[in-house]
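Novice: data_36.cif is the file, holding mmCIF, C-alpha atoms:
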```cif
data_work
loop_
_atom_site.label_atom_id
_atom_site.label_comp_id
_atom_site.auth_asym_id
_atom_site.auth_seq_id
_atom_site.Cartn_x
_atom_site.Cartn_y
_atom_site.Cartn_z
CA MET A 1 158.25 272.06 -17.44
CA GLU A 2 158.48 268.92 -19.56
CA LYS A 3 159.30 265.60 -17.95
CA ARG A 4 162.83 265.73 -16.56
CA ILE A 5 164.88 263.88 -19.15
CA THR A 6 167.84 263.80 -16.77
CA GLU A 7 165.77 261.58 -14.46
CA GLN A 8 164.50 259.16 -17.10
CA SER A 9 165.61 255.53 -16.92
CA SER A 10 168.91 254.59 -18.54
CA GLU A 11 168.89 253.04 -21.99
CA TYR A 12 170.94 250.23 -20.42
CA ASP A 13 169.97 247.70 -17.77
CA ASN A 14 171.69 245.09 -15.61
CA LEU A 15 174.87 247.15 -15.48
CA PRO A 16 176.60 244.88 -12.90
CA GLU A 17 176.29 242.00 -15.36
CA MET A 18 178.11 243.86 -18.16
CA SER A 19 181.81 243.31 -18.77
CA THR A 20 184.32 246.08 -18.10
CA HIS A 21 184.79 246.47 -21.86
CA ASP A 22 181.07 246.75 -22.53
CA LEU A 23 180.59 249.26 -19.71
CA LEU A 24 183.32 251.53 -21.04
CA VAL A 25 182.12 251.28 -24.64
CA ALA A 26 178.54 252.04 -23.63
CA ILE A 27 179.52 255.06 -21.52
CA ASN A 28 181.62 256.37 -24.39
CA ARG A 29 178.72 255.81 -26.79
CA GLU A 30 176.46 257.87 -24.54
CA ASP A 31 179.06 260.62 -24.23
CA ALA A 32 179.03 260.99 -28.00
CA HIS A 33 175.58 262.63 -27.70
CA VAL A 34 176.99 265.52 -25.69
CA HIS A 35 178.75 267.34 -28.55
CA GLU A 36 175.60 267.74 -30.64
CA ALA A 37 173.52 268.81 -27.64
CA VAL A 38 176.04 271.53 -26.79
CA ARG A 39 176.27 272.67 -30.42
CA LYS A 40 172.57 273.51 -30.39
CA ALA A 41 173.16 275.96 -27.54
CA ILE A 42 175.72 278.05 -29.46
CA PRO A 43 173.31 280.69 -30.89
CA THR A 44 172.04 281.58 -27.41
CA MET A 45 175.53 281.33 -25.94
CA GLU A 46 176.78 283.84 -28.51
CA GLN A 47 174.27 286.41 -27.32
CA LEU A 48 175.07 285.75 -23.67
CA VAL A 49 178.82 286.07 -24.25
CA GLU A 50 178.42 289.41 -26.00
CA ARG A 51 176.30 290.76 -23.16
CA ILE A 52 178.77 289.52 -20.51
CA VAL A 53 181.68 291.11 -22.39
CA GLU A 54 179.84 294.43 -22.52
CA ARG A 55 179.44 294.40 -18.76
CA MET A 56 182.94 293.23 -17.94
CA ARG A 57 184.44 295.92 -20.18
CA ARG A 58 182.82 298.54 -17.98
CA GLY A 59 184.00 296.90 -14.77
CA GLY A 60 181.31 294.32 -14.15
CA ARG A 61 181.93 290.82 -12.87
CA LEU A 62 180.75 287.32 -13.75
CA PHE A 63 179.25 285.11 -11.04
CA TYR A 64 178.49 281.40 -11.23
CA ILE A 65 176.08 279.69 -8.84
CA GLY A 66 175.20 276.02 -8.54
CA ALA A 67 174.83 273.05 -6.21
CA GLY A 68 176.61 269.69 -6.19
CA THR A 69 178.40 268.81 -9.41
CA SER A 70 177.05 271.94 -11.12
CA GLY A 71 178.40 274.17 -8.37
CA ARG A 72 181.78 272.45 -8.40
CA LEU A 73 182.06 272.95 -12.16
CA GLY A 74 181.33 276.66 -11.77
CA VAL A 75 183.90 277.09 -9.00
CA THR A 76 186.46 275.16 -11.06
CA ASP A 77 185.93 277.31 -14.13
CA ALA A 78 186.13 280.54 -12.14
CA SER A 79 189.28 279.45 -10.32
CA GLU A 80 191.09 278.48 -13.52
CA LEU A 81 190.64 281.80 -15.30
CA PRO A 82 193.11 283.94 -13.28
CA PRO A 83 196.14 281.65 -13.81
CA THR A 84 195.21 281.02 -17.44
CA PHE A 85 194.30 284.52 -18.54
CA GLY A 86 195.74 286.76 -15.81
CA ILE A 87 192.37 288.20 -14.88
CA PRO A 88 192.04 289.24 -11.21
CA PHE A 89 190.47 286.65 -8.92
CA ASP A 90 187.60 288.98 -8.05
CA ARG A 91 186.33 289.36 -11.63
CA VAL A 92 184.88 285.86 -12.05
CA ILE A 93 183.45 284.33 -8.86
CA GLY A 94 182.10 280.82 -8.40
CA LEU A 95 179.71 280.08 -5.52
CA ILE A 96 178.43 276.66 -4.47
CA ALA A 97 175.45 275.87 -2.25
CA GLY A 98 176.76 275.05 1.20
CA GLY A 99 179.97 277.05 0.82
CA ASP A 100 183.47 275.91 -0.03
CA GLY A 101 183.13 272.88 2.23
CA ALA A 102 180.61 271.51 -0.26
CA LEU A 103 183.38 271.22 -2.86
CA ARG A 104 184.51 268.02 -1.11
CA ARG A 105 181.47 266.85 0.81
CA ALA A 106 177.76 267.33 0.12
CA VAL A 107 176.01 269.73 2.49
CA GLU A 108 172.54 268.48 3.38
CA HIS A 109 169.65 270.54 1.98
CA ALA A 110 171.93 273.43 0.94
CA GLU A 111 170.56 273.32 -2.61
CA ASP A 112 166.98 273.62 -1.30
CA ASP A 113 167.58 277.13 0.12
CA LEU A 114 165.78 279.55 -2.21
CA GLN A 115 167.47 282.57 -0.62
CA GLY A 116 170.90 280.95 -0.25
CA ALA A 117 172.54 282.08 -3.48
CA TRP A 118 171.70 285.76 -3.11
CA ARG A 119 172.78 285.62 0.52
CA ASP A 120 176.10 284.15 -0.65
CA MET A 121 176.45 286.89 -3.26
CA THR A 122 175.60 289.78 -0.94
CA PRO A 123 179.12 290.16 0.56
CA TYR A 124 180.37 290.85 -3.00
CA HIS A 125 177.93 293.80 -3.33
CA PRO A 126 176.53 292.80 -6.76
CA THR A 127 175.44 295.59 -9.09
CA ALA A 128 173.56 295.91 -12.36
CA ASP A 129 176.89 295.82 -14.21
CA ASP A 130 177.43 292.22 -13.10
CA ALA A 131 176.29 288.99 -14.76
CA LEU A 132 175.11 285.81 -13.06
CA VAL A 133 175.09 282.35 -14.65
CA GLY A 134 173.13 279.68 -12.81
CA ILE A 135 174.21 276.08 -13.40
CA ALA A 136 171.75 273.22 -12.75
CA ALA A 137 171.58 269.99 -14.71
CA SER A 138 167.98 269.34 -13.69
CA GLY A 139 166.95 272.96 -14.07
CA THR A 140 164.98 272.72 -10.81
CA THR A 141 167.51 273.60 -8.07
CA PRO A 142 165.94 276.13 -5.64
CA TYR A 143 169.35 277.64 -4.77
CA VAL A 144 169.84 278.56 -8.44
CA ILE A 145 166.23 279.57 -9.09
CA GLY A 146 166.23 281.97 -6.14
CA GLY A 147 169.61 283.43 -7.05
CA LEU A 148 168.61 284.15 -10.63
CA ARG A 149 165.27 285.58 -9.59
CA GLU A 150 166.83 287.99 -7.12
CA ALA A 151 169.61 288.91 -9.54
CA ARG A 152 167.11 289.90 -12.22
CA ARG A 153 165.25 291.97 -9.66
CA HIS A 154 168.49 293.88 -9.03
CA GLY A 155 169.17 294.39 -12.73
CA LEU A 156 171.95 291.83 -13.28
CA LEU A 157 172.30 290.04 -16.61
CA THR A 158 171.32 286.40 -16.08
CA GLY A 159 172.14 283.17 -17.88
CA ALA A 160 171.49 279.49 -17.20
CA VAL A 161 173.29 276.25 -18.04
CA VAL A 162 170.81 273.35 -17.88
CA CYS A 163 170.22 269.89 -19.36
CA ASN A 164 166.41 269.72 -19.39
CA PRO A 165 164.18 271.68 -21.79
CA ARG A 166 161.94 274.50 -20.56
CA SER A 167 162.99 274.22 -16.91
CA PRO A 168 162.23 276.56 -13.97
CA VAL A 169 165.89 277.65 -13.88
CA ALA A 170 165.79 278.53 -17.59
CA ALA A 171 162.60 280.52 -17.04
CA GLU A 172 164.42 282.77 -14.55
CA ALA A 173 167.31 283.58 -16.95
CA ASP A 174 167.63 286.12 -19.73
CA TYR A 175 169.60 283.56 -21.75
CA ALA A 176 169.18 279.82 -21.16
CA LEU A 177 171.77 277.41 -22.53
CA GLU A 178 169.97 274.07 -22.80
CA ALA A 179 172.04 270.99 -23.66
CA VAL A 180 169.55 268.12 -23.62
CA VAL A 181 171.86 265.11 -23.51
CA GLY A 182 169.23 262.46 -22.72
CA PRO A 183 169.01 259.91 -19.89
CA GLU A 184 172.22 259.15 -18.03
CA PHE A 185 174.02 255.79 -18.30
CA VAL A 186 173.47 255.34 -14.56
CA THR A 187 169.91 256.59 -14.13
CA GLY A 188 169.85 260.11 -12.72
CA SER A 189 173.64 260.44 -12.32
CA THR A 190 174.01 263.90 -13.82
CA ARG A 191 177.73 263.99 -13.02
CA MET A 192 178.05 262.00 -16.27
CA LYS A 193 176.69 263.34 -19.60
CA ALA A 194 175.07 266.39 -18.05
CA GLY A 195 178.25 267.24 -16.16
CA THR A 196 180.31 266.83 -19.32
CA ALA A 197 177.93 269.10 -21.24
CA GLN A 198 178.03 271.74 -18.50
CA LYS A 199 181.83 271.66 -18.39
CA MET A 200 181.98 272.06 -22.17
CA MET A 201 179.59 275.01 -22.14
CA LEU A 202 181.44 276.75 -19.31
CA ASN A 203 184.75 276.24 -21.13
CA MET A 204 183.29 277.71 -24.31
CA LEU A 205 181.61 280.63 -22.57
CA SER A 206 184.47 281.73 -20.33
CA THR A 207 187.24 281.17 -22.88
CA THR A 208 185.36 283.21 -25.49
CA VAL A 209 184.71 285.97 -22.95
CA MET A 210 188.42 286.09 -22.07
CA ILE A 211 189.46 286.23 -25.73
CA ARG A 212 186.94 288.99 -26.47
CA LEU A 213 188.32 290.91 -23.47
CA GLY A 214 191.80 290.83 -25.03
CA ARG A 215 193.33 288.31 -22.64
CA VAL A 216 194.79 286.26 -25.55
CA GLU A 217 197.08 287.37 -28.38
CA GLY A 218 197.23 285.22 -31.49
CA ASN A 219 196.52 281.87 -29.90
CA ARG A 220 198.66 282.40 -26.81
CA MET A 221 197.91 282.89 -23.11
CA VAL A 222 200.14 285.93 -22.89
CA ASN A 223 198.55 287.09 -19.63
CA MET A 224 198.88 283.79 -17.75
CA GLN A 225 200.27 283.89 -14.22
CA LEU A 226 203.70 282.36 -13.70
CA THR A 227 202.65 280.22 -10.75
CA ASN A 228 204.80 277.14 -11.38
CA ASN A 229 207.81 275.93 -13.37
CA LYS A 230 205.67 274.49 -16.16
CA LEU A 231 204.08 277.88 -16.82
CA VAL A 232 207.45 279.65 -16.64
CA ASP A 233 208.79 277.21 -19.24
CA ARG A 234 205.73 277.74 -21.43
CA GLY A 235 206.05 281.51 -21.11
CA THR A 236 209.75 281.32 -21.94
CA ARG A 237 208.98 279.51 -25.19
CA MET A 238 206.34 282.11 -26.09
CA VAL A 239 208.77 284.99 -25.55
CA ALA A 240 211.56 283.20 -27.42
CA GLN A 241 209.35 282.35 -30.40
CA THR A 242 207.93 285.86 -30.64
CA THR A 243 211.22 287.76 -30.24
CA SER A 244 213.67 285.20 -31.72
CA LEU A 245 215.78 285.47 -28.57
CA PRO A 246 217.65 282.47 -27.15
CA GLU A 247 215.59 280.76 -24.45
CA GLU A 248 217.96 281.79 -21.65
CA GLU A 249 217.53 285.47 -22.50
CA ALA A 250 213.80 285.04 -23.02
CA ARG A 251 213.47 283.44 -19.59
CA GLY A 252 215.37 286.28 -17.96
CA ALA A 253 213.14 288.86 -19.59
CA LEU A 254 210.00 286.93 -18.62
CA LEU A 255 211.03 286.73 -14.98
CA ARG A 256 212.09 290.37 -14.96
CA TRP A 257 208.79 291.69 -16.30
CA GLY A 258 206.49 289.08 -14.76
CA SER A 259 204.31 288.27 -17.77
CA VAL A 260 204.66 287.11 -21.36
CA LYS A 261 202.82 290.16 -22.67
CA ARG A 262 204.91 292.68 -20.75
CA ALA A 263 208.18 290.93 -21.61
CA ILE A 264 207.36 290.92 -25.33
CA GLU A 265 206.27 294.57 -25.26
CA GLU A 266 209.43 295.66 -23.47
CA LEU A 267 211.72 293.66 -25.75
CA LYS A 268 210.04 294.93 -28.92
CA SER A 269 210.25 298.55 -27.74
CA ARG A 270 214.01 298.47 -27.60
#
```
Write the structure described by the file as structure tokens, please.
Specialist:
Amino acid sequence: MEKRITEQSSEYDNLPEMSTHDLLVAINREDAHVHEAVRKAIPTMEQLVERIVERMRRGGRLFYIGAGTSGRLGVTDASELPPTFGIPFDRVIGLIAGGDGALRRAVEHAEDDLQGAWRDMTPYHPTADDALVGIAASGTTPYVIGGLREARRHGLLTGAVVCNPRSPVAAEADYALEAVVGPEFVTGSTRMKAGTAQKMMLNMLSTTVMIRLGRVEGNRMVNMQLTNNKLVDRGTRMVAQTTSLPEEEARGALLRWGSVKRAIEELKSR
């Protein structure tokens, strides 16, 4: 592996002596590097997405594993897909080193457990139809390395989301998405540019997978779950715009049928 760029010294020094304005401008200037770094990962991401879609179409699932910020980003992405796209909660699963308690508080040495990720996956009975994406800014996290290694041994499709080139995590994956964003503004704080890059790549990957699986029509989240008033209002507008019904009637149909897609189908079949 090359020198870990994520651990290199910041391009800025004496941060406490900088003004609030200069700190914010400098952080924003560094963030501007993220877009280009992520863009370079698109060709590999395209291949990974197509392979994930193939598996999910035949009943497979998508797993994310990671530690710290990387693990939290994976759990966040997985948890947002059911309400957004109406996919069952057990189709995309996010696991973090140390368990759900680590979402709020770091669990000591959890990321150093080489067997931890596969042990966490075992209750879900993974099969060769599943896909596993390991997320690790440094590309050196043992929890992720061990999980990917064991997953490949069991025939799962594997991908990696990393921010260092030619890392051990990438070496364990069939498809490695490398967004090399450079040294962090605060040296080594990969919750910053690396975290932003990882969030962008997960957004791109999962959203494209959901669209390719038919969970979107036109540009609308027609399968979203109606879990709060905001989403009911959004769904009402979708039904009204598509069917030209008054909003009151559209809302009634939406609540009767439980989803935008079903309401539109039922109304159009009349």
Novice: Can you spell out as a ChimeraX atom specification the set of residues that the PyMOL selection byres ((chain A and resi 194-202) around 9) selects in the structure I just provided?
Specialist: /A:6,31,34-35,37-38,41-42,45,69-70,73-74,77,135-138,161-163,177,179-182,184,189-193,203-207
Novice: Which value, in Å to one decimal, gives the distance between atom CA of Met18 of chain A and atom CA of Ile5 of chain A?
Specialist: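 Pair atom CA of Met18 of chain A / atom CA of Ile5 of chain A returns 24.0 Å.
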Novice: Counting all atoms listed in the file, which residues in segment 105-195 of chain A sit no more than 12 Å from segment 54-63 of chain A? For each one, give the nearest pair of atoms and the distance in Å, sorted by chain then residue number, as CSV.
Specialist:
```
residue,atom,partner,partner_atom,distance
A:Ala117,CA,A:Phe63,CA,10.6
A:Trp118,CA,A:Phe63,CA,11.0
A:Asp120,CA,A:Phe63,CA,10.9
A:Met121,CA,A:Phe63,CA,8.5
A:Thr122,CA,A:Phe63,CA,11.7
A:Tyr124,CA,A:Phe63,CA,9.9
A:His125,CA,A:Arg61,CA,10.8
A:Pro126,CA,A:Arg61,CA,8.4
A:Thr127,CA,A:Gly60,CA,7.9
A:Ala128,CA,A:Gly60,CA,8.1
A:Asp129,CA,A:Gly60,CA,4.7
A:Asp130,CA,A:Gly60,CA,4.5
A:Ala131,CA,A:Leu62,CA,4.9
A:Leu132,CA,A:Phe63,CA,4.7
A:Val133,CA,A:Phe63,CA,6.2
A:Gly134,CA,A:Phe63,CA,8.4
A:Ile135,CA,A:Phe63,CA,10.6
A:Val144,CA,A:Phe63,CA,11.8
A:Gly147,CA,A:Phe63,CA,10.6
A:Leu148,CA,A:Phe63,CA,10.7
A:Ala151,CA,A:Phe63,CA,10.5
A:Gly155,CA,A:Arg55,CA,11.9
A:Leu156,CA,A:Arg55,CA,9.6
A:Leu157,CA,A:Arg55,CA,8.6
A:Thr158,CA,A:Phe63,CA,9.5
A:Gly159,CA,A:Phe63,CA,10.1
A:Ala160,CA,A:Phe63,CA,11.4
```
Novice: Given the choices A:Pro82, A:Arg234, A:Ile96, A:Arg4, which gets closest to Pro168 of chain A if the distance is worked out from only C-alpha atoms?
Specialist: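 Closest to Pro168 of chain A of all the choices is A:Arg4.
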Novice: What does the PyMOL selection byres ((chain A and resi 240) around 12) select in this file, as an MDAnalysis selection string?
Specialist: chainID A and resid 233:239 241:254 260 263:264 267:268
Novice: List every protein, DNA or RNA residue that has at least one atom no more than 8 Å from (181.2, 287.3, -26.8) in the file's coordinates, counting only C-alpha atoms, and write the result as a ChimeraX atom specification.
Specialist: /A:46-53,205,208-209,212
Novice: Residues as selected, C-alpha atoms, written as an mmCIF file, in the frame of the given file, can you do that?
Specialist:
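So part_0.cif came out as:
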```cif
data_model
loop_
_atom_site.group_PDB
_atom_site.id
_atom_site.type_symbol
_atom_site.label_atom_id
_atom_site.label_comp_id
_atom_site.auth_asym_id
_atom_site.auth_seq_id
_atom_site.Cartn_x
_atom_site.Cartn_y
_atom_site.Cartn_z
ATOM 1 C CA GLU A 46 176.780 283.840 -28.510
ATOM 2 C CA GLN A 47 174.270 286.410 -27.320
ATOM 3 C CA LEU A 48 175.070 285.750 -23.670
ATOM 4 C CA VAL A 49 178.820 286.070 -24.250
ATOM 5 C CA GLU A 50 178.420 289.410 -26.000
ATOM 6 C CA ARG A 51 176.300 290.760 -23.160
ATOM 7 C CA ILE A 52 178.770 289.520 -20.510
ATOM 8 C CA VAL A 53 181.680 291.110 -22.390
ATOM 9 C CA LEU A 205 181.610 280.630 -22.570
ATOM 10 C CA THR A 208 185.360 283.210 -25.490
ATOM 11 C CA VAL A 209 184.710 285.970 -22.950
ATOM 12 C CA ARG A 212 186.940 288.990 -26.470
#
```
Novice: How big is the axis-aligned box around all listed atoms of segment 7-23 of chain A once 4 Å goes on each side, and where's its centre, in Å to one decimal, as lines of an AutoDock Vina configuration file?
Specialist:
```
center_x = 174.6
center_y = 251.8
center_z = -17.7
size_x = 28.3
size_y = 27.6
size_z = 17.6
```
Novice: When distances are computed from all atoms listed in the file, which of A:Val216, A:Ala26, A:Leu95, A:Ile87 shows the smallest separation from Val75 of chain A?
Specialist: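 Closest to Val75 of chain A of all the choices is A:Leu95.
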Novice: Compile the contact shell of Ala78 of chain A as a ChimeraX atom specification: residues with an atom at most 6 Å away, counting all atoms listed in the file, same-chain residues fewer than 3 positions apart removed.
Specialist: /A:75,81,92-94
Novice: Using only C-alpha atoms, which of A:Gly218, A:Gly188, A:Gly66, A:Gly98 sits nearest Pro142 of chain A?
Specialist: A:Gly66
Novice: Between A:His33, A:Arg105, A:Arg119, A:Arg39, single out the one closest to Ile65 of chain A, counting all atoms listed in the file.
Specialist: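 Answer, going by the shortest atom-to-atom distance: A:Arg119.
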Novice: Work out how far atom CA of Gly68 of chain A is from atom CA of Tyr143 of chain A, in Å to one decimal.
Specialist: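 These two atoms are separated by 10.9 Å.
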Novice: Find, counting all atoms listed in the file, the residue in A:Asn229, A:Arg72, A:Glu30, A:Thr84 that gets nearest to Gly99 of chain A.
Specialist: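 Using all atoms listed in the file, Gly99 of chain A sits closest to A:Arg72.
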Novice: Mind pulling up the distance from atom CA of Gln8 of chain A to atom CA of Lys40 of chain A?
Specialist: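 Separation of atom CA of Lys40 of chain A and atom CA of Gln8 of chain A: 21.2 Å.
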